[in-house]
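Below you'll find the structure, written out as structure tokens, and then a few comments.
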Amino acid sequence: MTVRARETGAHRGILRDAGRAVGGALIFSLPMLMTMEMWQLAYTIEGWRLALLLAVAVPLLVGLSHVIGFEERRTLRESAMDASFAFGIAAFTSLVVLTILGVLAPGMSGDEIAGKIAIQSVPAAIGALLARSQLKSSDDDDALGDRKETYAGELFLMAVGALFLGFNLAPTEEMILISYQMSKWHAIVLVAISIAAMHGFVFAVEFKGGSELSEDTPWWSALFRFTLPGYAIAALIALFMLWVFGRTDGLAPEMVVMAMVVLAFPAAIGAAAARLIL
Amino acid sequence: MSDDEESGRYPVNRAQHPAEWIIGAASAIGLLALIGYLAVTALAETDGPPVFEPTVDEVFAAEGVWHARITLRNSGDRTAADVVLQGTAGGGEASEVTFDYVPAGSTRQSALLFDAEPSGLELSVRSYTDP
């Protein structure tokens with residue numbers, strides 16, 4: 001595309017970007033927009049935990065925007081602008097959908113409305129950013145395909161994937177209920193299955209976007225350097241989310257560990273999927 | 001693109017930085033600790049029923065209603081669901097509350113409400129279900 005064509009397309013470009021971002025926010029956050037526990041969190045979550053969640057989400061969104069950004073040699077400022085744009089679109093989309101669904105109604109306190117939108121905005125903003133990389137038309141510049149992947153970048157993407165899929169499940173009562181139903185032996189098997197699934201997704205079953213191991217790279221080397229750190233990240237993010245959502249309050253340490261293992265399963269799958277998709 | 005270049009696209013096949021092995025080792029140690037912890041607690045576990053220890057934390061009046069703040073602790077081995085706790089004041093006034101879950105080794109908080117000051121409040125757990 002020539003410079004001139006880029007300039008004349010700029011106005012249409014902004015609308016198009018906004019449309020894609022709304023689409024991404026909807027696709028990725030509808031399951032959460034229509035989950036009762038996510039609404040209830042708005043008035044059960046303590047304000048400072050919500051603030052901490054947002055404080056963690058902001059650098060994560062900027063980083064994600066940086067990693068999946070289109071143009072090469074992007075500045076941090078541009079990535080921050082992109083992330084703010086995605087966050088704004090996400091908050092707007094959440095506001096509209098929650099209002100249409102009657103979740104937001106007149107008579108609710110400002111705190112409650114702000115809380116409901118803020119919680120939804122995090123996964124929706126991830127969706128809005130991903131929309132730019134995944135829902136783009138084929139004639140757009142495809143910087144993503146040529147992006148040089150780095151070790152730190154891979155770990156970062158795994159964290160985003162774990163956070164995203166974890167967000168779908170962490171607020172639900174089922175996470176805690178499942179941990180009550182399972183024995184410790186079930187939990188040990190679940191840890192093993194999570195790690196095997198993660199490793200298989202990326203290295204073994206040859207999904208599109210998976211990594212092929214060269215002959216000089218034995219499977220255990222990939223397991224040790226990528227899959228185990230990936231699981232550790234997924235487990236820590238699972239623990240963080242359970243704590244943010246108040247699921248660990250008053251819980252005995254061994255029950256906290258059980259709940260972490262339960263949520264680490266989808267988080268690990270999310271981490272592996274992020275490496276394939278992004 | 002040759003085979004070498006193709007597989008070089010993935011960081012997993014590139015020259016390895018020592019940090020990758022340090023992070024890998026730290027993760028492996030964390031994982032072993034997790035599995036070890038689960039195995040040790042599994043072996044130490046006995047299969048007794050839930051044991052309830054209700055305590056009254058504080059009693060106060062607000063807007064003409066008496067609140068008795070309760071902490072219910074389950075010191076047993078199993079998690080209980082739908083736990084019904086009843087409180088009876090010395091004057092005969094009774095009030096009850098249902099806890100969704102009281103996990104093994106964990107505590108849950110609630111409040112019982114009374115019209116008159118609940119002196120000599122007696123707490124007892126009336127029922128629970130298995131989750």
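FYI, nothing fancy with the structure tokens labels: chains A, B, ... in order, residues from 1 per chain, ligands from 1 as they appear.
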- Counting only C-alpha atoms, what is within 12 Å of Trp48 (chain A), bar same-chain residues fewer than 3 positions away, as a VMD selection string? chain A and resid 44 to 45 51 to 55 115 244 to 246
Could you write those residues out with C-alpha atoms, as a short mmCIF file (atom, residue, chain, number, x, y, z; two decimals), in the first residue's frame?
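Final output, result-v6.cif:
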data_model
loop_
_atom_site.label_atom_id
_atom_site.label_comp_id
_atom_site.auth_asym_id
_atom_site.auth_seq_id
_atom_site.Cartn_x
_atom_site.Cartn_y
_atom_site.Cartn_z
CA THR A 44 -18.92 -8.37 46.58
CA ILE A 45 -15.39 -7.51 45.44
CA ALA A 51 -8.15 -1.63 41.54
CA LEU A 52 -5.27 -4.13 41.73
CA LEU A 53 -6.85 -6.24 38.98
CA LEU A 54 -7.05 -3.19 36.73
CA ALA A 55 -3.49 -2.18 37.67
CA GLY A 115 -17.78 -2.10 39.18
CA VAL A 244 -9.01 -11.11 43.45
CA PHE A 245 -12.51 -12.58 43.19
CA GLY A 246 -12.53 -13.32 46.92
#
Within 9 Å of chain A, which residues of chain B show up? Give each one with its shortest atom-to-atom distance in Å (one decimal) and the two atoms involved, counting only C-alpha atoms, rows by chain then rising residue number, as JSON lines.
{"residue": "B:Asp3", "atom": "CA", "partner": "A:Ser214", "partner_atom": "CA", "distance": 9.0}
{"residue": "B:Asp4", "atom": "CA", "partner": "A:Ser214", "partner_atom": "CA", "distance": 8.2}
{"residue": "B:Glu6", "atom": "CA", "partner": "A:Glu212", "partner_atom": "CA", "distance": 9.0}
{"residue": "B:Ser7", "atom": "CA", "partner": "A:Ser214", "partner_atom": "CA", "distance": 5.9}
{"residue": "B:Gly8", "atom": "CA", "partner": "A:Ser214", "partner_atom": "CA", "distance": 8.3}
{"residue": "B:Arg9", "atom": "CA", "partner": "A:Lys148", "partner_atom": "CA", "distance": 7.0}
{"residue": "B:Tyr10", "atom": "CA", "partner": "A:Ser211", "partner_atom": "CA", "distance": 6.1}
{"residue": "B:Pro11", "atom": "CA", "partner": "A:Thr150", "partner_atom": "CA", "distance": 5.7}
{"residue": "B:Val12", "atom": "CA", "partner": "A:Ala222", "partner_atom": "CA", "distance": 6.3}
{"residue": "B:Asn13", "atom": "CA", "partner": "A:Thr217", "partner_atom": "CA", "distance": 6.1}
{"residue": "B:Arg14", "atom": "CA", "partner": "A:Thr217", "partner_atom": "CA", "distance": 9.0}
{"residue": "B:Glu20", "atom": "CA", "partner": "A:Arg225", "partner_atom": "CA", "distance": 5.7}
{"residue": "B:Trp21", "atom": "CA", "partner": "A:Arg225", "partner_atom": "CA", "distance": 6.0}
{"residue": "B:Ile22", "atom": "CA", "partner": "A:Arg225", "partner_atom": "CA", "distance": 8.6}
{"residue": "B:Ile23", "atom": "CA", "partner": "A:Pro229", "partner_atom": "CA", "distance": 6.6}
{"residue": "B:Gly24", "atom": "CA", "partner": "A:Arg225", "partner_atom": "CA", "distance": 4.7}
{"residue": "B:Ala25", "atom": "CA", "partner": "A:Phe224", "partner_atom": "CA", "distance": 7.4}
{"residue": "B:Ala26", "atom": "CA", "partner": "A:Pro229", "partner_atom": "CA", "distance": 8.0}
{"residue": "B:Ser27", "atom": "CA", "partner": "A:Pro229", "partner_atom": "CA", "distance": 5.2}
{"residue": "B:Ala28", "atom": "CA", "partner": "A:Leu228", "partner_atom": "CA", "distance": 6.3}
{"residue": "B:Gly30", "atom": "CA", "partner": "A:Ala232", "partner_atom": "CA", "distance": 7.4}
{"residue": "B:Leu31", "atom": "CA", "partner": "A:Ala232", "partner_atom": "CA", "distance": 7.2}
{"residue": "B:Leu34", "atom": "CA", "partner": "A:Val257", "partner_atom": "CA", "distance": 8.1}
{"residue": "B:Ile35", "atom": "CA", "partner": "A:Ile188", "partner_atom": "CA", "distance": 6.1}
{"residue": "B:Tyr37", "atom": "CA", "partner": "A:Glu254", "partner_atom": "CA", "distance": 8.5}
{"residue": "B:Leu38", "atom": "CA", "partner": "A:Lys184", "partner_atom": "CA", "distance": 5.7}
{"residue": "B:Ala39", "atom": "CA", "partner": "A:Lys184", "partner_atom": "CA", "distance": 6.9}
{"residue": "B:Thr41", "atom": "CA", "partner": "A:Lys184", "partner_atom": "CA", "distance": 7.4}
{"residue": "B:Ala42", "atom": "CA", "partner": "A:Lys184", "partner_atom": "CA", "distance": 5.3}
{"residue": "B:Leu43", "atom": "CA", "partner": "A:Lys184", "partner_atom": "CA", "distance": 8.9}
{"residue": "B:Arg78", "atom": "CA", "partner": "A:Tyr180", "partner_atom": "CA", "distance": 8.4}
{"residue": "B:Thr79", "atom": "CA", "partner": "A:Tyr180", "partner_atom": "CA", "distance": 6.5}
{"residue": "B:Tyr101", "atom": "CA", "partner": "A:Leu177", "partner_atom": "CA", "distance": 8.7}
{"residue": "B:Val102", "atom": "CA", "partner": "A:Leu251", "partner_atom": "CA", "distance": 8.8}
{"residue": "B:Pro103", "atom": "CA", "partner": "A:Leu251", "partner_atom": "CA", "distance": 7.0}
{"residue": "B:Ala104", "atom": "CA", "partner": "A:Ala252", "partner_atom": "CA", "distance": 7.2}
{"residue": "B:Gly105", "atom": "CA", "partner": "A:Ala252", "partner_atom": "CA", "distance": 5.2}
{"residue": "B:Ser106", "atom": "CA", "partner": "A:Leu251", "partner_atom": "CA", "distance": 4.7}
{"residue": "B:Thr107", "atom": "CA", "partner": "A:Gly250", "partner_atom": "CA", "distance": 5.1}
{"residue": "B:Arg108", "atom": "CA", "partner": "A:Gly250", "partner_atom": "CA", "distance": 6.4}
{"residue": "B:Gln109", "atom": "CA", "partner": "A:Gly250", "partner_atom": "CA", "distance": 8.8}
{"residue": "B:Pro131", "atom": "CA", "partner": "A:Gln181", "partner_atom": "CA", "distance": 6.9}
Same residues, C-alpha atoms, output as a compact mmCIF listing (two decimals), in the first residue's frame:
# COMPACT_ATOMS: atom_id res chain seq x y z
CA ASP B 3 14.37 -26.60 6.92
CA ASP B 4 16.90 -24.93 9.19
CA GLU B 6 11.87 -22.87 9.19
CA SER B 7 12.56 -24.51 12.55
CA GLY B 8 14.64 -21.47 13.63
CA ARG B 9 11.44 -19.43 13.67
CA TYR B 10 10.49 -21.00 16.96
CA PRO B 11 12.34 -19.87 20.07
CA VAL B 12 12.27 -23.47 21.29
CA ASN B 13 14.91 -24.43 18.70
CA ARG B 14 17.18 -21.40 19.02
CA GLU B 20 15.56 -20.32 30.22
CA TRP B 21 17.06 -23.19 32.23
CA ILE B 22 16.90 -21.20 35.48
CA ILE B 23 13.21 -20.40 34.92
CA GLY B 24 12.62 -24.02 33.93
CA ALA B 25 14.36 -25.27 37.08
CA ALA B 26 12.40 -22.87 39.31
CA SER B 27 9.15 -24.03 37.71
CA ALA B 28 10.09 -27.69 38.13
CA GLY B 30 7.54 -25.33 42.29
CA LEU B 31 5.71 -28.14 40.52
CA LEU B 34 2.88 -28.65 44.63
CA ILE B 35 2.62 -32.38 43.91
CA TYR B 37 2.17 -31.01 49.15
CA LEU B 38 -0.91 -32.64 47.60
CA ALA B 39 0.50 -36.14 48.19
CA THR B 41 -1.91 -33.91 52.66
CA ALA B 42 -3.64 -36.78 50.85
CA LEU B 43 -1.75 -39.35 52.95
CA ARG B 78 -14.98 -32.91 54.92
CA THR B 79 -16.63 -29.90 53.36
CA TYR B 101 -20.44 -24.01 51.91
CA VAL B 102 -18.21 -24.43 54.90
CA PRO B 103 -15.05 -26.07 53.51
CA ALA B 104 -12.91 -28.39 55.63
CA GLY B 105 -10.51 -26.43 57.83
CA SER B 106 -12.09 -23.11 56.80
CA THR B 107 -14.27 -20.42 58.34
CA ARG B 108 -17.33 -18.52 57.16
CA GLN B 109 -18.96 -15.38 58.60
CA PRO B 131 -21.49 -31.01 48.34
- Among A:Val22, A:Met182, A:Leu60, A:Leu276, Gly200 (chain A) is approached most closely, using only C-alpha atoms, by A:Leu276
Within 12 Å of region 76-81 of chain A, counting only C-alpha atoms, which residues show up once you throw out same-chain ones fewer than 5 positions away? Write them as a PDB file with C-alpha atoms, in the first residue's frame, please.
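Output file result_7.pdb follows:
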ATOM      1  CA  VAL A  58      -3.152  -2.227  32.077  1.00  0.00           C
ATOM      2  CA  PRO A  59       0.528  -3.213  31.550  1.00  0.00           C
ATOM      3  CA  LEU A  60      -0.703  -6.566  30.275  1.00  0.00           C
ATOM      4  CA  LEU A  61      -2.889  -4.907  27.636  1.00  0.00           C
ATOM      5  CA  VAL A  62      -0.088  -2.543  26.624  1.00  0.00           C
ATOM      6  CA  GLY A  63       2.264  -5.524  26.324  1.00  0.00           C
ATOM      7  CA  LEU A  64      -0.264  -7.505  24.321  1.00  0.00           C
ATOM      8  CA  SER A  65      -0.832  -4.572  22.034  1.00  0.00           C
ATOM      9  CA  HIS A  66       2.931  -4.296  21.602  1.00  0.00           C
ATOM     10  CA  VAL A  67       3.383  -7.980  20.792  1.00  0.00           C
ATOM     11  CA  ILE A  68       0.522  -8.235  18.294  1.00  0.00           C
ATOM     12  CA  GLY A  69       0.839  -4.708  16.869  1.00  0.00           C
ATOM     13  CA  PHE A  70       0.880  -4.406  13.108  1.00  0.00           C
ATOM     14  CA  GLU A  71       3.621  -1.951  12.355  1.00  0.00           C
ATOM     15  CA  ALA A  86      -9.218  -1.169  23.277  1.00  0.00           C
ATOM     16  CA  PHE A  87     -10.094  -0.493  26.916  1.00  0.00           C
ATOM     17  CA  GLY A  88     -12.454   2.324  25.944  1.00  0.00           C
ATOM     18  CA  LEU A 129      -7.051  -6.203  20.952  1.00  0.00           C
TER      19      LEU A 129
END
- If you measure from CA of Ile113 (chain A) to CA of Ala21 (chain A), what distance in Å do you get, rounded to one decimal?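 Separating CA of Ile113 (chain A) from CA of Ala21 (chain A) is a distance of 22.2 Å.
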- With a distance cut-off of 9 Å and only C-alpha atoms, select the neighbouring residues of Ala128 (chain A), excluding the residue or stretch itself and same-chain residues fewer than 6 positions from it, and output the selection as an MDAnalysis selection string. chainID A and resid 18 20:28 85:87 89:90
Could you write those residues out with C-alpha atoms, as a PDB file, in the first residue's frame?
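This went into again-v1.pdb:
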ATOM      1  CA  ALA A  18     -13.553   0.466  16.184  1.00  0.00           C
ATOM      2  CA  ARG A  20     -13.491  -4.773  14.698  1.00  0.00           C
ATOM      3  CA  ALA A  21     -12.692  -3.973  18.321  1.00  0.00           C
ATOM      4  CA  VAL A  22     -16.395  -4.092  19.260  1.00  0.00           C
ATOM      5  CA  GLY A  23     -16.682  -7.401  17.428  1.00  0.00           C
ATOM      6  CA  GLY A  24     -13.701  -8.817  19.274  1.00  0.00           C
ATOM      7  CA  ALA A  25     -14.944  -7.553  22.613  1.00  0.00           C
ATOM      8  CA  LEU A  26     -18.318  -9.219  21.992  1.00  0.00           C
ATOM      9  CA  ILE A  27     -16.915 -12.556  20.834  1.00  0.00           C
ATOM     10  CA  PHE A  28     -14.508 -12.843  23.711  1.00  0.00           C
ATOM     11  CA  PHE A  85      -8.476   2.521  22.699  1.00  0.00           C
ATOM     12  CA  ALA A  86      -9.218  -1.169  23.277  1.00  0.00           C
ATOM     13  CA  PHE A  87     -10.094  -0.493  26.916  1.00  0.00           C
ATOM     14  CA  ILE A  89     -14.175   0.178  23.326  1.00  0.00           C
ATOM     15  CA  ALA A  90     -14.433  -2.656  25.854  1.00  0.00           C
TER      16      ALA A  90
END
Need to verify the contact set: Gly120 (chain B), 9 Å, only C-alpha atoms, exclusion of same-chain residues closer than 6 positions in sequence. Can you return it as a PDB file with C-alpha atoms, in the first residue's frame?
ATOM      1  CA  THR B  88     -31.517 -19.177  70.434  1.00  0.00           C
ATOM      2  CA  ALA B  89     -31.382 -16.232  72.814  1.00  0.00           C
ATOM      3  CA  GLY B  90     -31.971 -16.616  76.568  1.00  0.00           C
ATOM      4  CA  GLY B  91     -35.406 -15.042  76.166  1.00  0.00           C
TER       5      GLY B  91
END
- Looking at B:Asp130, B:Phe60, B:Leu72, B:Asp100, which one is nearest to Phe114 (chain B), with distances taken over only C-alpha atoms?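 Of B:Asp130, B:Phe60, B:Leu72, B:Asp100, the one nearest Phe114 (chain B), counting only C-alpha atoms, is B:Phe60.
Closest to Ser95 (chain B) among B:Ile70, B:Ala80, B:Leu112, B:Val56 is B:Leu112, based on only C-alpha atoms.
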